[in-house]
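Notes follow the structure.
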Amino acid sequence: MTSFRLAGLRTVTLLGAHPDDIEIGAGGLLLSLATVPGLRVHYVLLTGSAARQAEARAAAAAFLPDARLTFALHDLPDGRVPASWAAAKRIVDEAAREVDADLVVAPAADDAHQDHRTLAELVTTSFRQAPALHYEIPKWDGDLGRCNVYLPLTEERARRKVELLNACFPSQKARDWWDDEVFLGLARLRGVECRSRYAEAYRCDKATIAF
């Protein structure tokens, strides 16, 4: 197993279709990025009510307390993003122009949820230079597959991710899939795949080698 290094990382663009997508899929990565001094993070959402957007802002501040955060939060119809393709494309294009990102974090292109999938497809057309890590989100559809990039997590960091998910997104805690076992169970499985106690897993479709 080789290492995927992000030496000199200074700017990151995070993209989610819904509030909580980014933290569910990449909360451990956010906690790791929080240790990077002077990091600028641009946080983009396609959908969300005012209350849900407030949750997202609070979550970004909790996961990335020392980062220089900027937000582009939108209110496209939840579950209907494919029907708002032109608006979604404009949002993603604007995000690509806003920050010259060293790293892009977004949903996976084979995600079963139509909003996630549409966003993922748009990311590849707008961000041409930066490497993109595509995160996974557990759900009823059972669309978890094989990943090729892993972020090992200590037990402390994995549990801190779950703690912050529960604290920052109280509107979601009544959902039948939202519980510690789901989040930690997936992290434990991905940890097995990279010989770590816990891990997050991603896909990276294209990357360049730099010396």
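Order determines the names: the first chain of the structure tokens is A, the second B, and so forth; residues in each chain are numbered 1 upward, and ligands are numbered 1 upward as they are shown.
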Practice prompt. Can you pull out every residue within 7 Å of A:Leu133, counting only C-alpha atoms, but drop anything in the same chain fewer than 3 positions away, and send it as a list of chain:residue names?
Written response: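 After dropping sequence-adjacent residues, the list is A:Val104, A:Val105, A:Ala106, A:Tyr202, A:Arg203, A:Cys204.
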Discussion item. Quick check for you: according to DSSP on this backbone, which residues of stretch 96-179 of chain A are classed as strand (DSSP E or B)? Reply as a PyMOL selection string.
Written reply: chain A and resi 103-107+132-135+149-153
Practice prompt. If you run DSSP over the backbone, which residues in stretch 51-121 of chain A end up alpha helix (DSSP H)? Put them as a count of residues only.
Written response: 35
Practice prompt. Might you pull out every residue within 8 Å of A:Asp75, with only C-alpha atoms counted and same-chain residues fewer than 4 positions away left off, and present them as a list in words?
Written response: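 So the residues in contact are Leu46, Thr47, Gly48 and Ser49 of chain A.
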Discussion item. Env of stretch 86-89 of chain A: 9 Å cut, atoms = only C-alpha atoms, seq-sep filter 4 positions within chain, self excluded. Answer as a PyMOL selection string.
Written reply: chain A and resi 46+76+81-82+93-94+118-119+122-123+126
Using N, CA and C atoms, can you export the residues from the last selection as a PDB file, in the first residue's frame?
ATOM      1  N   LEU A  46     -25.554  22.376  -2.094  1.00  0.00           N
ATOM      2  CA  LEU A  46     -26.569  22.634  -3.120  1.00  0.00           C
ATOM      3  C   LEU A  46     -27.948  22.877  -2.528  1.00  0.00           C
ATOM      4  N   LEU A  76     -31.450  24.686  -3.534  1.00  0.00           N
ATOM      5  CA  LEU A  76     -32.100  23.923  -4.597  1.00  0.00           C
ATOM      6  C   LEU A  76     -33.030  22.886  -3.963  1.00  0.00           C
ATOM      7  N   VAL A  81     -32.275  17.688  -7.492  1.00  0.00           N
ATOM      8  CA  VAL A  81     -31.142  18.373  -8.096  1.00  0.00           C
ATOM      9  C   VAL A  81     -30.981  18.063  -9.580  1.00  0.00           C
ATOM     10  N   PRO A  82     -31.204  16.811 -10.047  1.00  0.00           N
ATOM     11  CA  PRO A  82     -31.074  16.582 -11.483  1.00  0.00           C
ATOM     12  C   PRO A  82     -31.987  17.470 -12.323  1.00  0.00           C
ATOM     13  N   ASP A  93     -19.496  25.572 -10.929  1.00  0.00           N
ATOM     14  CA  ASP A  93     -18.556  26.413 -11.681  1.00  0.00           C
ATOM     15  C   ASP A  93     -18.097  27.594 -10.840  1.00  0.00           C
ATOM     16  N   GLU A  94     -19.031  28.221 -10.122  1.00  0.00           N
ATOM     17  CA  GLU A  94     -18.670  29.350  -9.259  1.00  0.00           C
ATOM     18  C   GLU A  94     -17.714  28.913  -8.153  1.00  0.00           C
ATOM     19  N   THR A 118     -25.424  13.591  -9.117  1.00  0.00           N
ATOM     20  CA  THR A 118     -25.375  14.735 -10.031  1.00  0.00           C
ATOM     21  C   THR A 118     -24.247  15.681  -9.651  1.00  0.00           C
ATOM     22  N   LEU A 119     -24.111  15.960  -8.356  1.00  0.00           N
ATOM     23  CA  LEU A 119     -23.030  16.829  -7.908  1.00  0.00           C
ATOM     24  C   LEU A 119     -21.676  16.239  -8.264  1.00  0.00           C
ATOM     25  N   LEU A 122     -20.823  16.744 -11.853  1.00  0.00           N
ATOM     26  CA  LEU A 122     -20.503  18.133 -12.175  1.00  0.00           C
ATOM     27  C   LEU A 122     -19.108  18.517 -11.704  1.00  0.00           C
ATOM     28  N   VAL A 123     -18.688  17.958 -10.589  1.00  0.00           N
ATOM     29  CA  VAL A 123     -17.366  18.281 -10.052  1.00  0.00           C
ATOM     30  C   VAL A 123     -16.271  17.949 -11.061  1.00  0.00           C
ATOM     31  N   SER A 126     -15.893  20.702 -13.716  1.00  0.00           N
ATOM     32  CA  SER A 126     -15.545  22.065 -13.302  1.00  0.00           C
ATOM     33  C   SER A 126     -14.157  22.165 -12.676  1.00  0.00           C
TER      34      SER A 126
END
Worksheet entry | Who sits within 12 Å of A:Arg146, only C-alpha atoms, same chain under 2 positions skipped, as a ChimeraX atom specification | /A:108,110,134-136,143-144,148-150,189-190,193,201-204
Restricting the output to C-alpha atoms, write the selected residues as a compact mmCIF listing (two decimals), in the first residue's frame.
# COMPACT_ATOMS: atom_id res chain seq x y z
CA ALA A 108 -18.98 9.67 -5.38
CA ASP A 110 -21.79 6.04 -8.41
CA HIS A 134 -15.00 11.26 -3.49
CA TYR A 135 -16.55 10.25 -0.18
CA GLU A 136 -19.16 7.60 0.64
CA ASP A 143 -24.46 1.37 -2.63
CA LEU A 144 -21.17 1.04 -0.75
CA ASN A 148 -8.98 3.07 -3.43
CA VAL A 149 -7.90 5.78 -0.97
CA TYR A 150 -8.01 5.35 2.80
CA LEU A 189 -14.79 -2.04 8.19
CA ARG A 190 -12.77 0.47 6.19
CA GLU A 193 -9.18 -2.76 4.61
CA ALA A 201 -12.52 5.51 2.46
CA TYR A 202 -12.59 7.51 -0.76
CA ARG A 203 -12.25 7.15 -4.48
CA CYS A 204 -9.78 9.15 -6.53
Fill in: Given only C-alpha atoms as the counted atoms, nearest of A:Pro131, A:Gly16, A:Pro170, A:Gly145 to A:Ala72
A:Gly16
Discussion item. So that I can check the surroundings of A:Pro37, please list as number ranges by chain every protein, DNA and RNA residue that reaches within 10 Å of it, counting only C-alpha atoms and ignoring chain neighbours fewer than 6 positions away.
Written reply: A: 9-10, 66-68
C-alpha atoms of the current selection, written as a PDB file, in the first residue's frame:
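Produced file again-v2.pdb, reproduced below:
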ATOM      1  CA  LEU A   9      -1.949  21.853   1.305  1.00  0.00           C
ATOM      2  CA  ARG A  10      -3.340  25.374   1.625  1.00  0.00           C
ATOM      3  CA  ASP A  66      -9.015  27.179  13.060  1.00  0.00           C
ATOM      4  CA  ALA A  67      -9.579  27.163   9.297  1.00  0.00           C
ATOM      5  CA  ARG A  68     -10.471  30.274   7.315  1.00  0.00           C
TER       6      ARG A  68
END
Worksheet item: Within 12 Å of A:Tyr198, counting only C-alpha atoms, which residues qualify if same-chain residues fewer than 4 places away don't, as an MDAnalysis selection string?
Response: chainID A and resid 28 150:159 161 183:194
Using the selection just defined, write its residues with C-alpha atoms as a PDB file, in the first residue's frame.
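As written to disk, again12.pdb reads:
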ATOM      1  CA  GLY A  28     -12.454  12.341   9.881  1.00  0.00           C
ATOM      2  CA  TYR A 150      -8.011   5.351   2.801  1.00  0.00           C
ATOM      3  CA  LEU A 151      -7.560   7.730   5.692  1.00  0.00           C
ATOM      4  CA  PRO A 152      -6.649   5.782   8.845  1.00  0.00           C
ATOM      5  CA  LEU A 153      -8.298   7.195  11.964  1.00  0.00           C
ATOM      6  CA  THR A 154      -7.367   6.748  15.573  1.00  0.00           C
ATOM      7  CA  GLU A 155     -10.173   5.574  17.816  1.00  0.00           C
ATOM      8  CA  GLU A 156     -10.205   9.008  19.430  1.00  0.00           C
ATOM      9  CA  ARG A 157     -10.679  10.762  16.094  1.00  0.00           C
ATOM     10  CA  ALA A 158     -13.333   8.315  14.860  1.00  0.00           C
ATOM     11  CA  ARG A 159     -15.347   8.768  18.037  1.00  0.00           C
ATOM     12  CA  LYS A 161     -16.340  12.534  14.411  1.00  0.00           C
ATOM     13  CA  PHE A 183     -20.885   5.449  11.534  1.00  0.00           C
ATOM     14  CA  LEU A 184     -18.375   3.533  13.621  1.00  0.00           C
ATOM     15  CA  GLY A 185     -19.246   0.227  11.953  1.00  0.00           C
ATOM     16  CA  LEU A 186     -18.411   1.562   8.510  1.00  0.00           C
ATOM     17  CA  ALA A 187     -15.232   3.165   9.852  1.00  0.00           C
ATOM     18  CA  ARG A 188     -14.227  -0.147  11.449  1.00  0.00           C
ATOM     19  CA  LEU A 189     -14.791  -2.043   8.189  1.00  0.00           C
ATOM     20  CA  ARG A 190     -12.773   0.474   6.187  1.00  0.00           C
ATOM     21  CA  GLY A 191     -10.118   0.269   8.872  1.00  0.00           C
ATOM     22  CA  VAL A 192      -9.810  -3.480   8.293  1.00  0.00           C
ATOM     23  CA  GLU A 193      -9.175  -2.760   4.611  1.00  0.00           C
ATOM     24  CA  CYS A 194      -6.162  -0.553   5.375  1.00  0.00           C
TER      25      CYS A 194
END
Worksheet item: From the list A:Leu165, A:Leu103, A:Ala130, A:Ala120, which residue is nearest A:Gly27 when using only C-alpha atoms?
Response: A:Leu165
Fill in: From A:Leu33, A:Val12, A:Ile209, A:Ala174, residue lying nearest A:Val99 [only C-alpha atoms]
A:Val12
Worksheet entry | Top pick for closest residue to A:Gly79, considering A:Arg175, A:Arg197, A:Lys206, A:His18 and counting only C-alpha atoms |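 Ranking A:Arg175, A:Arg197, A:Lys206, A:His18 by distance to A:Gly79, first place goes to A:His18.
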Practice prompt. Tell me which of A:Ala50, A:Leu39, A:Ala210, A:Leu31 sits closest to A:Thr70, counting only C-alpha atoms.
Written response: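 Of A:Ala50, A:Leu39, A:Ala210, A:Leu31, the one nearest A:Thr70, counting only C-alpha atoms, is A:Leu39.
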